[in-house]
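Trainee: Got a structure for you, coords.cif, holding mmCIF, N, CA, C and O atoms.
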data_run
#
loop_
_atom_site.label_atom_id
_atom_site.label_comp_id
_atom_site.auth_asym_id
_atom_site.auth_seq_id
_atom_site.Cartn_x
_atom_site.Cartn_y
_atom_site.Cartn_z
N GLU A 1 23.06 -21.46 78.44
CA GLU A 1 23.44 -22.19 79.62
C GLU A 1 23.69 -23.66 79.30
O GLU A 1 24.67 -24.25 79.74
N SER A 2 22.78 -24.26 78.51
CA SER A 2 22.93 -25.67 78.13
C SER A 2 24.17 -25.87 77.28
O SER A 2 24.88 -26.86 77.44
N CYS A 3 24.42 -24.94 76.38
CA CYS A 3 25.58 -25.04 75.50
C CYS A 3 26.87 -25.00 76.32
O CYS A 3 27.80 -25.75 76.05
N GLU A 4 26.93 -24.14 77.31
CA GLU A 4 28.10 -24.05 78.16
C GLU A 4 28.29 -25.33 78.97
O GLU A 4 29.42 -25.80 79.16
N LYS A 5 27.20 -25.92 79.44
CA LYS A 5 27.27 -27.17 80.19
C LYS A 5 27.82 -28.28 79.30
O LYS A 5 28.69 -29.06 79.73
N ILE A 6 27.34 -28.36 78.07
CA ILE A 6 27.83 -29.37 77.12
C ILE A 6 29.31 -29.16 76.86
O ILE A 6 30.09 -30.11 76.85
N ALA A 7 29.73 -27.92 76.65
CA ALA A 7 31.14 -27.61 76.38
C ALA A 7 32.04 -28.02 77.54
O ALA A 7 33.21 -28.34 77.34
N SER A 8 31.50 -28.05 78.75
CA SER A 8 32.31 -28.42 79.91
C SER A 8 32.74 -29.88 79.88
O SER A 8 33.66 -30.27 80.60
N PHE A 9 32.10 -30.70 79.04
CA PHE A 9 32.46 -32.11 78.91
C PHE A 9 33.57 -32.34 77.87
O PHE A 9 34.00 -33.46 77.67
N ALA A 10 34.00 -31.29 77.20
CA ALA A 10 35.04 -31.38 76.18
C ALA A 10 36.38 -31.76 76.83
O ALA A 10 36.54 -31.59 78.04
N PRO A 11 37.33 -32.25 76.08
CA PRO A 11 37.36 -32.34 74.62
C PRO A 11 36.59 -33.56 74.10
O PRO A 11 36.54 -34.59 74.76
N PHE A 12 35.98 -33.37 72.92
CA PHE A 12 35.22 -34.44 72.31
C PHE A 12 36.08 -35.12 71.26
O PHE A 12 36.93 -34.51 70.64
N GLY A 13 35.83 -36.39 71.07
CA GLY A 13 36.57 -37.19 70.10
C GLY A 13 36.30 -38.66 70.38
O GLY A 13 35.30 -39.01 71.00
N THR A 14 37.19 -39.52 69.96
CA THR A 14 37.03 -40.95 70.17
C THR A 14 36.92 -41.23 71.67
O THR A 14 37.73 -40.79 72.47
N GLY A 15 35.87 -41.94 72.04
CA GLY A 15 35.65 -42.28 73.44
C GLY A 15 34.86 -41.22 74.20
O GLY A 15 34.40 -41.47 75.31
N ASN A 16 34.71 -40.05 73.64
CA ASN A 16 33.91 -38.98 74.25
C ASN A 16 33.27 -38.18 73.12
O ASN A 16 33.66 -37.05 72.84
N GLU A 17 32.28 -38.80 72.49
CA GLU A 17 31.65 -38.21 71.31
C GLU A 17 30.82 -36.98 71.69
O GLU A 17 30.28 -36.89 72.79
N THR A 18 30.72 -36.04 70.76
CA THR A 18 29.89 -34.85 70.95
C THR A 18 28.44 -35.29 71.12
O THR A 18 27.95 -36.11 70.34
N PRO A 19 27.74 -34.80 72.14
CA PRO A 19 26.34 -35.20 72.36
C PRO A 19 25.44 -34.86 71.18
O PRO A 19 25.57 -33.81 70.56
N LEU A 20 24.51 -35.76 70.89
CA LEU A 20 23.51 -35.57 69.85
C LEU A 20 22.14 -35.46 70.52
O LEU A 20 21.89 -36.10 71.55
N PHE A 21 21.26 -34.67 69.91
CA PHE A 21 19.92 -34.47 70.43
C PHE A 21 18.90 -34.75 69.35
O PHE A 21 19.10 -34.38 68.19
N LEU A 22 17.81 -35.38 69.72
CA LEU A 22 16.70 -35.64 68.81
C LEU A 22 15.61 -34.63 69.08
O LEU A 22 15.10 -34.52 70.20
N LEU A 23 15.26 -33.86 68.06
CA LEU A 23 14.16 -32.90 68.15
C LEU A 23 12.99 -33.46 67.35
O LEU A 23 13.08 -33.59 66.13
N GLU A 24 11.92 -33.83 68.04
CA GLU A 24 10.76 -34.42 67.38
C GLU A 24 9.67 -33.37 67.20
O GLU A 24 9.51 -32.48 68.03
N GLY A 25 8.93 -33.50 66.11
CA GLY A 25 7.83 -32.57 65.84
C GLY A 25 8.31 -31.18 65.49
O GLY A 25 7.68 -30.19 65.85
N THR A 26 9.39 -31.10 64.77
CA THR A 26 10.00 -29.83 64.40
C THR A 26 9.43 -29.32 63.08
O THR A 26 9.15 -30.10 62.18
N THR A 27 9.27 -28.02 62.97
CA THR A 27 8.88 -27.38 61.72
C THR A 27 10.05 -26.53 61.26
O THR A 27 10.62 -25.78 62.06
N LEU A 28 10.42 -26.65 60.00
CA LEU A 28 11.53 -25.87 59.46
C LEU A 28 11.01 -24.85 58.46
O LEU A 28 10.08 -25.10 57.71
N ASP A 29 11.64 -23.69 58.47
CA ASP A 29 11.36 -22.70 57.43
C ASP A 29 12.63 -21.89 57.18
O ASP A 29 13.66 -22.12 57.80
N GLU A 30 12.52 -20.98 56.25
CA GLU A 30 13.66 -20.15 55.85
C GLU A 30 14.88 -20.99 55.48
O GLU A 30 16.01 -20.62 55.78
N ILE A 31 14.65 -22.12 54.83
CA ILE A 31 15.77 -22.94 54.38
C ILE A 31 16.37 -22.28 53.15
O ILE A 31 15.68 -22.02 52.17
N ARG A 32 17.67 -21.98 53.24
CA ARG A 32 18.32 -21.31 52.10
C ARG A 32 19.75 -21.83 51.94
O ARG A 32 20.42 -22.16 52.92
N PRO A 33 20.18 -21.91 50.69
CA PRO A 33 21.54 -22.38 50.43
C PRO A 33 22.58 -21.33 50.81
O PRO A 33 22.33 -20.13 50.70
N VAL A 34 23.72 -21.79 51.27
CA VAL A 34 24.85 -20.93 51.60
C VAL A 34 26.14 -21.63 51.19
O VAL A 34 26.16 -22.84 50.96
N GLY A 35 27.20 -20.87 51.12
CA GLY A 35 28.51 -21.43 50.81
C GLY A 35 28.75 -21.61 49.33
O GLY A 35 27.86 -21.43 48.50
N ARG A 36 29.97 -21.97 49.04
CA ARG A 36 30.37 -22.21 47.66
C ARG A 36 29.54 -23.33 47.06
O ARG A 36 29.34 -24.36 47.68
N ASP A 37 29.04 -23.13 45.88
CA ASP A 37 28.22 -24.09 45.16
C ASP A 37 26.95 -24.48 45.92
O ASP A 37 26.39 -25.54 45.68
N SER A 38 26.52 -23.64 46.86
CA SER A 38 25.30 -23.89 47.64
C SER A 38 25.31 -25.27 48.30
O SER A 38 24.28 -25.93 48.39
N LYS A 39 26.45 -25.69 48.78
CA LYS A 39 26.60 -27.02 49.39
C LYS A 39 25.96 -27.11 50.77
O LYS A 39 25.65 -28.20 51.24
N HIS A 40 25.77 -25.99 51.44
CA HIS A 40 25.27 -25.98 52.80
C HIS A 40 23.92 -25.28 52.86
O HIS A 40 23.55 -24.56 51.94
N LEU A 41 23.21 -25.49 53.97
CA LEU A 41 21.91 -24.87 54.15
C LEU A 41 21.84 -24.17 55.50
O LEU A 41 22.35 -24.69 56.49
N LYS A 42 21.19 -23.02 55.53
CA LYS A 42 20.84 -22.35 56.79
C LYS A 42 19.33 -22.52 56.92
O LYS A 42 18.61 -22.52 55.93
N PHE A 43 18.85 -22.63 58.16
CA PHE A 43 17.42 -22.81 58.37
C PHE A 43 17.02 -22.29 59.75
O PHE A 43 17.86 -22.03 60.60
N SER A 44 15.72 -22.17 59.93
CA SER A 44 15.14 -21.88 61.24
C SER A 44 14.31 -23.09 61.64
O SER A 44 13.51 -23.58 60.84
N ALA A 45 14.51 -23.56 62.85
CA ALA A 45 13.76 -24.70 63.37
C ALA A 45 12.82 -24.21 64.47
O ALA A 45 13.22 -23.42 65.33
N HIS A 46 11.58 -24.67 64.43
CA HIS A 46 10.59 -24.30 65.43
C HIS A 46 10.14 -25.56 66.15
O HIS A 46 9.67 -26.51 65.52
N PHE A 47 10.30 -25.58 67.47
CA PHE A 47 9.86 -26.70 68.29
C PHE A 47 9.64 -26.19 69.71
O PHE A 47 10.28 -25.24 70.15
N ALA A 48 8.71 -26.80 70.40
CA ALA A 48 8.41 -26.44 71.79
C ALA A 48 8.23 -24.93 71.95
O ALA A 48 8.72 -24.32 72.89
N LYS A 49 7.54 -24.32 70.98
CA LYS A 49 7.24 -22.87 71.00
C LYS A 49 8.48 -22.00 71.00
O LYS A 49 8.46 -20.86 71.43
N LYS A 50 9.58 -22.54 70.50
CA LYS A 50 10.84 -21.80 70.39
C LYS A 50 11.31 -21.85 68.94
O LYS A 50 10.93 -22.72 68.18
N SER A 51 12.18 -20.91 68.58
CA SER A 51 12.78 -20.88 67.26
C SER A 51 14.29 -20.74 67.43
O SER A 51 14.75 -19.96 68.27
N ILE A 52 15.04 -21.49 66.63
CA ILE A 52 16.49 -21.42 66.71
C ILE A 52 17.06 -21.62 65.31
O ILE A 52 16.53 -22.38 64.50
N GLU A 53 18.13 -20.89 65.02
CA GLU A 53 18.78 -21.00 63.72
C GLU A 53 19.63 -22.27 63.66
O GLU A 53 20.11 -22.76 64.68
N GLY A 54 19.81 -22.75 62.45
CA GLY A 54 20.61 -23.96 62.27
C GLY A 54 21.42 -23.91 61.00
O GLY A 54 21.16 -23.12 60.10
N ILE A 55 22.41 -24.79 60.95
CA ILE A 55 23.27 -24.95 59.78
C ILE A 55 23.31 -26.44 59.43
O ILE A 55 23.32 -27.28 60.32
N ALA A 56 23.30 -26.72 58.15
CA ALA A 56 23.35 -28.10 57.66
C ALA A 56 24.48 -28.19 56.64
O ALA A 56 24.29 -27.88 55.47
N PHE A 57 25.66 -28.58 57.11
CA PHE A 57 26.82 -28.67 56.23
C PHE A 57 26.67 -29.85 55.27
O PHE A 57 26.33 -30.96 55.68
N ASN A 58 26.90 -29.58 54.00
CA ASN A 58 26.86 -30.59 52.93
C ASN A 58 25.47 -31.20 52.72
O ASN A 58 25.36 -32.29 52.16
N PHE A 59 24.42 -30.53 53.13
CA PHE A 59 23.06 -31.00 52.92
C PHE A 59 22.38 -30.26 51.76
O PHE A 59 21.19 -30.45 51.53
N GLY A 60 23.10 -29.43 51.04
CA GLY A 60 22.52 -28.66 49.94
C GLY A 60 21.65 -29.46 49.00
O GLY A 60 20.53 -29.05 48.68
N PRO A 61 22.12 -30.64 48.53
CA PRO A 61 21.30 -31.43 47.61
C PRO A 61 20.00 -31.98 48.23
O PRO A 61 19.14 -32.47 47.52
N HIS A 62 19.85 -31.89 49.54
CA HIS A 62 18.70 -32.46 50.22
C HIS A 62 17.70 -31.40 50.71
O HIS A 62 16.84 -31.69 51.54
N ALA A 63 17.80 -30.20 50.17
CA ALA A 63 16.97 -29.09 50.64
C ALA A 63 15.48 -29.40 50.56
O ALA A 63 14.74 -29.12 51.51
N GLU A 64 15.02 -29.96 49.48
CA GLU A 64 13.58 -30.24 49.33
C GLU A 64 13.10 -31.28 50.33
O GLU A 64 12.04 -31.14 50.92
N LYS A 65 13.87 -32.32 50.54
CA LYS A 65 13.49 -33.34 51.53
C LYS A 65 13.51 -32.76 52.94
O LYS A 65 12.67 -33.09 53.77
N LEU A 66 14.45 -31.88 53.21
CA LEU A 66 14.57 -31.28 54.53
C LEU A 66 13.34 -30.43 54.86
O LEU A 66 12.92 -30.37 56.01
N ARG A 67 12.74 -29.82 53.85
CA ARG A 67 11.55 -28.98 54.07
C ARG A 67 10.42 -29.74 54.74
O ARG A 67 9.64 -29.18 55.49
N SER A 68 10.31 -31.04 54.47
CA SER A 68 9.22 -31.82 55.05
C SER A 68 9.66 -32.62 56.29
O SER A 68 8.86 -33.38 56.84
N ALA A 69 10.87 -32.43 56.74
CA ALA A 69 11.37 -33.16 57.91
C ALA A 69 10.62 -32.75 59.17
O ALA A 69 10.26 -31.58 59.34
N LYS A 70 10.36 -33.70 60.03
CA LYS A 70 9.70 -33.44 61.31
C LYS A 70 10.62 -33.78 62.49
O LYS A 70 10.41 -33.31 63.59
N ASN A 71 11.62 -34.62 62.25
CA ASN A 71 12.54 -35.03 63.30
C ASN A 71 13.97 -34.72 62.88
O ASN A 71 14.38 -35.04 61.77
N LEU A 72 14.70 -34.10 63.77
CA LEU A 72 16.09 -33.71 63.49
C LEU A 72 17.02 -34.32 64.53
O LEU A 72 16.70 -34.35 65.71
N VAL A 73 18.18 -34.77 64.08
CA VAL A 73 19.27 -35.13 64.98
C VAL A 73 20.29 -34.00 64.84
O VAL A 73 20.75 -33.71 63.73
N VAL A 74 20.61 -33.37 65.96
CA VAL A 74 21.45 -32.17 65.92
C VAL A 74 22.49 -32.17 67.03
O VAL A 74 22.37 -32.91 68.02
N GLN A 75 23.48 -31.34 66.83
CA GLN A 75 24.40 -30.96 67.89
C GLN A 75 24.08 -29.52 68.24
O GLN A 75 23.71 -28.73 67.38
N LEU A 76 24.21 -29.18 69.49
CA LEU A 76 23.99 -27.83 69.96
C LEU A 76 25.34 -27.15 70.07
O LEU A 76 26.26 -27.71 70.68
N GLU A 77 25.48 -25.99 69.45
CA GLU A 77 26.77 -25.32 69.48
C GLU A 77 26.63 -23.81 69.57
O GLU A 77 25.59 -23.25 69.24
N LYS A 78 27.72 -23.20 70.00
CA LYS A 78 27.78 -21.74 70.06
C LYS A 78 28.26 -21.25 68.70
O LYS A 78 29.22 -21.77 68.14
N ASN A 79 27.58 -20.25 68.16
CA ASN A 79 27.94 -19.68 66.87
C ASN A 79 28.44 -18.26 67.09
O ASN A 79 27.72 -17.42 67.64
N GLU A 80 29.67 -18.01 66.68
CA GLU A 80 30.23 -16.66 66.76
C GLU A 80 30.47 -16.17 65.34
O GLU A 80 31.23 -16.78 64.59
N TRP A 81 29.80 -15.06 65.00
CA TRP A 81 29.89 -14.53 63.64
C TRP A 81 29.74 -13.02 63.68
O TRP A 81 28.80 -12.51 64.28
N ASN A 82 30.67 -12.31 63.09
CA ASN A 82 30.64 -10.85 63.02
C ASN A 82 30.44 -10.19 64.39
O ASN A 82 29.64 -9.27 64.54
N GLY A 83 31.12 -10.70 65.40
CA GLY A 83 31.03 -10.13 66.72
C GLY A 83 29.79 -10.50 67.51
O GLY A 83 29.61 -10.06 68.63
N GLN A 84 28.92 -11.30 66.93
CA GLN A 84 27.70 -11.75 67.60
C GLN A 84 27.88 -13.21 68.05
O GLN A 84 28.46 -14.01 67.34
N THR A 85 27.39 -13.52 69.22
CA THR A 85 27.43 -14.90 69.73
C THR A 85 26.01 -15.35 69.99
O THR A 85 25.22 -14.64 70.60
N GLY A 86 25.69 -16.56 69.52
CA GLY A 86 24.35 -17.10 69.73
C GLY A 86 24.38 -18.61 69.71
O GLY A 86 25.42 -19.24 69.47
N LEU A 87 23.24 -19.21 69.93
CA LEU A 87 23.08 -20.64 69.91
C LEU A 87 22.68 -21.09 68.51
O LEU A 87 21.93 -20.39 67.82
N GLN A 88 23.17 -22.24 68.09
CA GLN A 88 22.89 -22.75 66.76
C GLN A 88 22.78 -24.26 66.79
O GLN A 88 23.45 -24.93 67.57
N LEU A 89 21.91 -24.79 65.94
CA LEU A 89 21.81 -26.23 65.74
C LEU A 89 22.71 -26.60 64.58
O LEU A 89 22.72 -25.91 63.55
N LYS A 90 23.42 -27.69 64.72
CA LYS A 90 24.20 -28.24 63.61
C LYS A 90 23.53 -29.56 63.23
O LYS A 90 23.50 -30.51 64.02
N LEU A 91 22.94 -29.60 62.03
CA LEU A 91 22.19 -30.77 61.59
C LEU A 91 23.13 -31.94 61.33
O LEU A 91 24.14 -31.81 60.63
N ILE A 92 22.76 -33.10 61.87
CA ILE A 92 23.50 -34.34 61.65
C ILE A 92 22.69 -35.27 60.74
O ILE A 92 23.23 -35.89 59.84
N ASP A 93 21.37 -35.33 60.99
CA ASP A 93 20.50 -36.19 60.18
C ASP A 93 19.05 -35.72 60.36
O ASP A 93 18.77 -34.92 61.26
N PHE A 94 18.15 -36.23 59.52
CA PHE A 94 16.74 -35.84 59.62
C PHE A 94 15.84 -36.93 59.07
O PHE A 94 16.29 -37.79 58.32
N ALA A 95 14.58 -36.87 59.47
CA ALA A 95 13.57 -37.81 58.95
C ALA A 95 12.24 -37.08 58.91
O ALA A 95 11.98 -36.16 59.63
#
Rewrite the structure from the file as structure tokens, please.
Mentor:
Amino acid sequence: ESCEKIASFAPFGTGNETPLFLLEGTTLDEIRPVGRDSKHLKFSAHFAKKSIEGIAFNFGPHAEKLRSAKNLVVQLEKNEWNGQTGLQLKLIDFA
């Protein structure tokens, strides 16, 4: 529902940037490399008693640092893959 609400503000670009969200106190697990040359990472984020899958494009070299991250800056997006549709976090930054 939230993802659809965010999408209703599109198109995004200059002057109407894609919304960013700060997730504090997050625990990450199942961090694994994906893509050519393992440039990207897939992960599971746990916060507020919920779990959601995420993707971190071009964060492959930062996998070890990401394991200890507690705060994430993300975009919320719909992920469609192999006929399945779900919610996904797109990592922008972490601390």
Trainee: For a test of reading the model, state the distance in Å between atom C of Glu64 (chain A) and atom N of Ala48 (chain A), rounded to one decimal.
Mentor: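 These atoms are spaced 21.0 Å apart.
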Trainee: Would you list the residues near (17.7, -22.5, 54.6) (no more than 5 Å away, in the coordinates of the file, using all atoms listed in the file) as a list of chain:residue names?
Mentor: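 Residues close enough to count: A:Glu30, A:Ile31, A:Arg32, A:Pro33, A:Leu41, A:Lys42, A:Phe43.
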Trainee: Please expand the PyMOL selection byres (((chain A and resi 39 and name CA) around 6) and name CA) into the concrete residues it hits in this file, giving the result as an NGL selection string.
Mentor: :A and (37-38 or 40 or 58 or 60)
Trainee: Taking (23.5, -30.5, 67.8) as a centre in this file's frame and 7 Å as the limit, can you find every polymer residue with an atom that close, using all atoms listed in the file, and give them as a PDB file with N, CA, C and O atoms, keeping the file's coordinate frame?
Mentor:
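Contents of point_17.pdb, as written:
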ATOM      1  N   PRO A  19      27.740 -34.800  72.140  1.00  0.00           N
ATOM      2  CA  PRO A  19      26.340 -35.200  72.360  1.00  0.00           C
ATOM      3  C   PRO A  19      25.440 -34.860  71.180  1.00  0.00           C
ATOM      4  O   PRO A  19      25.570 -33.810  70.560  1.00  0.00           O
ATOM      5  N   LEU A  20      24.510 -35.760  70.890  1.00  0.00           N
ATOM      6  CA  LEU A  20      23.510 -35.570  69.850  1.00  0.00           C
ATOM      7  C   LEU A  20      22.140 -35.460  70.520  1.00  0.00           C
ATOM      8  O   LEU A  20      21.890 -36.100  71.550  1.00  0.00           O
ATOM      9  N   PHE A  21      21.260 -34.670  69.910  1.00  0.00           N
ATOM     10  CA  PHE A  21      19.920 -34.470  70.430  1.00  0.00           C
ATOM     11  C   PHE A  21      18.900 -34.750  69.350  1.00  0.00           C
ATOM     12  O   PHE A  21      19.100 -34.380  68.190  1.00  0.00           O
ATOM     13  N   VAL A  73      18.180 -34.770  64.080  1.00  0.00           N
ATOM     14  CA  VAL A  73      19.270 -35.130  64.980  1.00  0.00           C
ATOM     15  C   VAL A  73      20.290 -34.000  64.840  1.00  0.00           C
ATOM     16  O   VAL A  73      20.750 -33.710  63.730  1.00  0.00           O
ATOM     17  N   VAL A  74      20.610 -33.370  65.960  1.00  0.00           N
ATOM     18  CA  VAL A  74      21.450 -32.170  65.920  1.00  0.00           C
ATOM     19  C   VAL A  74      22.490 -32.170  67.030  1.00  0.00           C
ATOM     20  O   VAL A  74      22.370 -32.910  68.020  1.00  0.00           O
ATOM     21  N   GLN A  75      23.480 -31.340  66.830  1.00  0.00           N
ATOM     22  CA  GLN A  75      24.400 -30.960  67.890  1.00  0.00           C
ATOM     23  C   GLN A  75      24.080 -29.520  68.240  1.00  0.00           C
ATOM     24  O   GLN A  75      23.710 -28.730  67.380  1.00  0.00           O
ATOM     25  N   LEU A  76      24.210 -29.180  69.490  1.00  0.00           N
ATOM     26  CA  LEU A  76      23.990 -27.830  69.960  1.00  0.00           C
ATOM     27  C   LEU A  76      25.340 -27.150  70.070  1.00  0.00           C
ATOM     28  O   LEU A  76      26.260 -27.710  70.680  1.00  0.00           O
ATOM     29  N   GLU A  77      25.480 -25.990  69.450  1.00  0.00           N
ATOM     30  CA  GLU A  77      26.770 -25.320  69.480  1.00  0.00           C
ATOM     31  C   GLU A  77      26.630 -23.810  69.570  1.00  0.00           C
ATOM     32  O   GLU A  77      25.590 -23.250  69.240  1.00  0.00           O
ATOM     33  N   GLN A  88      23.170 -22.240  68.090  1.00  0.00           N
ATOM     34  CA  GLN A  88      22.890 -22.750  66.760  1.00  0.00           C
ATOM     35  C   GLN A  88      22.780 -24.260  66.790  1.00  0.00           C
ATOM     36  O   GLN A  88      23.450 -24.930  67.570  1.00  0.00           O
ATOM     37  N   LEU A  89      21.910 -24.790  65.940  1.00  0.00           N
ATOM     38  CA  LEU A  89      21.810 -26.230  65.740  1.00  0.00           C
ATOM     39  C   LEU A  89      22.710 -26.600  64.580  1.00  0.00           C
ATOM     40  O   LEU A  89      22.720 -25.910  63.550  1.00  0.00           O
ATOM     41  N   LYS A  90      23.420 -27.690  64.720  1.00  0.00           N
ATOM     42  CA  LYS A  90      24.200 -28.240  63.610  1.00  0.00           C
ATOM     43  C   LYS A  90      23.530 -29.560  63.230  1.00  0.00           C
ATOM     44  O   LYS A  90      23.500 -30.510  64.020  1.00  0.00           O
ATOM     45  N   LEU A  91      22.940 -29.600  62.030  1.00  0.00           N
ATOM     46  CA  LEU A  91      22.190 -30.770  61.590  1.00  0.00           C
ATOM     47  C   LEU A  91      23.130 -31.940  61.330  1.00  0.00           C
ATOM     48  O   LEU A  91      24.140 -31.810  60.630  1.00  0.00           O
ATOM     49  N   ILE A  92      22.760 -33.100  61.870  1.00  0.00           N
ATOM     50  CA  ILE A  92      23.500 -34.340  61.650  1.00  0.00           C
ATOM     51  C   ILE A  92      22.690 -35.270  60.740  1.00  0.00           C
ATOM     52  O   ILE A  92      23.230 -35.890  59.840  1.00  0.00           O
TER      53      ILE A  92
END
Trainee: Calculate how many Å separate CA of Gly15 (chain A) from CA of Asn79 (chain A), rounding to one decimal.
Mentor: 24.8 Å
Trainee: Smallest atom-to-atom distance to Ser68 (chain A): which of A:Thr18, A:Thr27, A:Phe9, A:Lys49, using all atoms listed in the file?
Mentor: A:Thr27
Trainee: So how far away is CA of Phe47 (chain A) from atom N of Val34 (chain A), in Å?
Mentor: 22.5 Å
Trainee: From region 57-88 of chain A, collect each residue whose DSSP state is alpha helix (DSSP H) and return the set as a list in words.
Mentor: Ala63, Glu64, Lys65, Leu66 and Arg67 of chain A
Trainee: Using the chain letters and residue numbers of this document, give as a PyMOL selection string the residues selected by the PyMOL selection byres ((chain A and resi 69) around 5).
Mentor: chain A and resi 26+28+65-68+70-71+95
Trainee: Which centre and edge lengths in Å to one decimal define the box along x, y and z that fits every listed atom of region 56-72 of chain A plus 4 Å per side, as AutoDock Vina command-line options?
Mentor:
--center_x 17.9 --center_y -30.9 --center_z 56.6 --size_x 26.0 --size_y 16.3 --size_z 26.2
Trainee: I'd like the contact shell of Lys78 (chain A) - 7 Å cut-off, only C-alpha atoms, skipping same-chain residues fewer than 3 positions apart - returned as a PDB file with N, CA, C and O atoms, in the coordinates of the input.
Mentor:
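Result written to around-v7.pdb:
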ATOM      1  N   CYS A   3      24.420 -24.940  76.380  1.00  0.00           N
ATOM      2  CA  CYS A   3      25.580 -25.040  75.500  1.00  0.00           C
ATOM      3  C   CYS A   3      26.870 -25.000  76.320  1.00  0.00           C
ATOM      4  O   CYS A   3      27.800 -25.750  76.050  1.00  0.00           O
ATOM      5  N   THR A  85      27.390 -13.520  69.220  1.00  0.00           N
ATOM      6  CA  THR A  85      27.430 -14.900  69.730  1.00  0.00           C
ATOM      7  C   THR A  85      26.010 -15.350  69.990  1.00  0.00           C
ATOM      8  O   THR A  85      25.220 -14.640  70.600  1.00  0.00           O
ATOM      9  N   GLY A  86      25.690 -16.560  69.520  1.00  0.00           N
ATOM     10  CA  GLY A  86      24.350 -17.100  69.730  1.00  0.00           C
ATOM     11  C   GLY A  86      24.380 -18.610  69.710  1.00  0.00           C
ATOM     12  O   GLY A  86      25.420 -19.240  69.470  1.00  0.00           O
ATOM     13  N   LEU A  87      23.240 -19.210  69.930  1.00  0.00           N
ATOM     14  CA  LEU A  87      23.080 -20.640  69.910  1.00  0.00           C
ATOM     15  C   LEU A  87      22.680 -21.090  68.510  1.00  0.00           C
ATOM     16  O   LEU A  87      21.930 -20.390  67.820  1.00  0.00           O
ATOM     17  N   GLN A  88      23.170 -22.240  68.090  1.00  0.00           N
ATOM     18  CA  GLN A  88      22.890 -22.750  66.760  1.00  0.00           C
ATOM     19  C   GLN A  88      22.780 -24.260  66.790  1.00  0.00           C
ATOM     20  O   GLN A  88      23.450 -24.930  67.570  1.00  0.00           O
TER      21      GLN A  88
END
Trainee: Based on DSSP run over this structure's backbone, return all residues of region 27-90 of chain A in strand (DSSP E), as a PyMOL selection string.
Mentor: chain A and resi 27-34+40-47+50-56+72-81+84-90
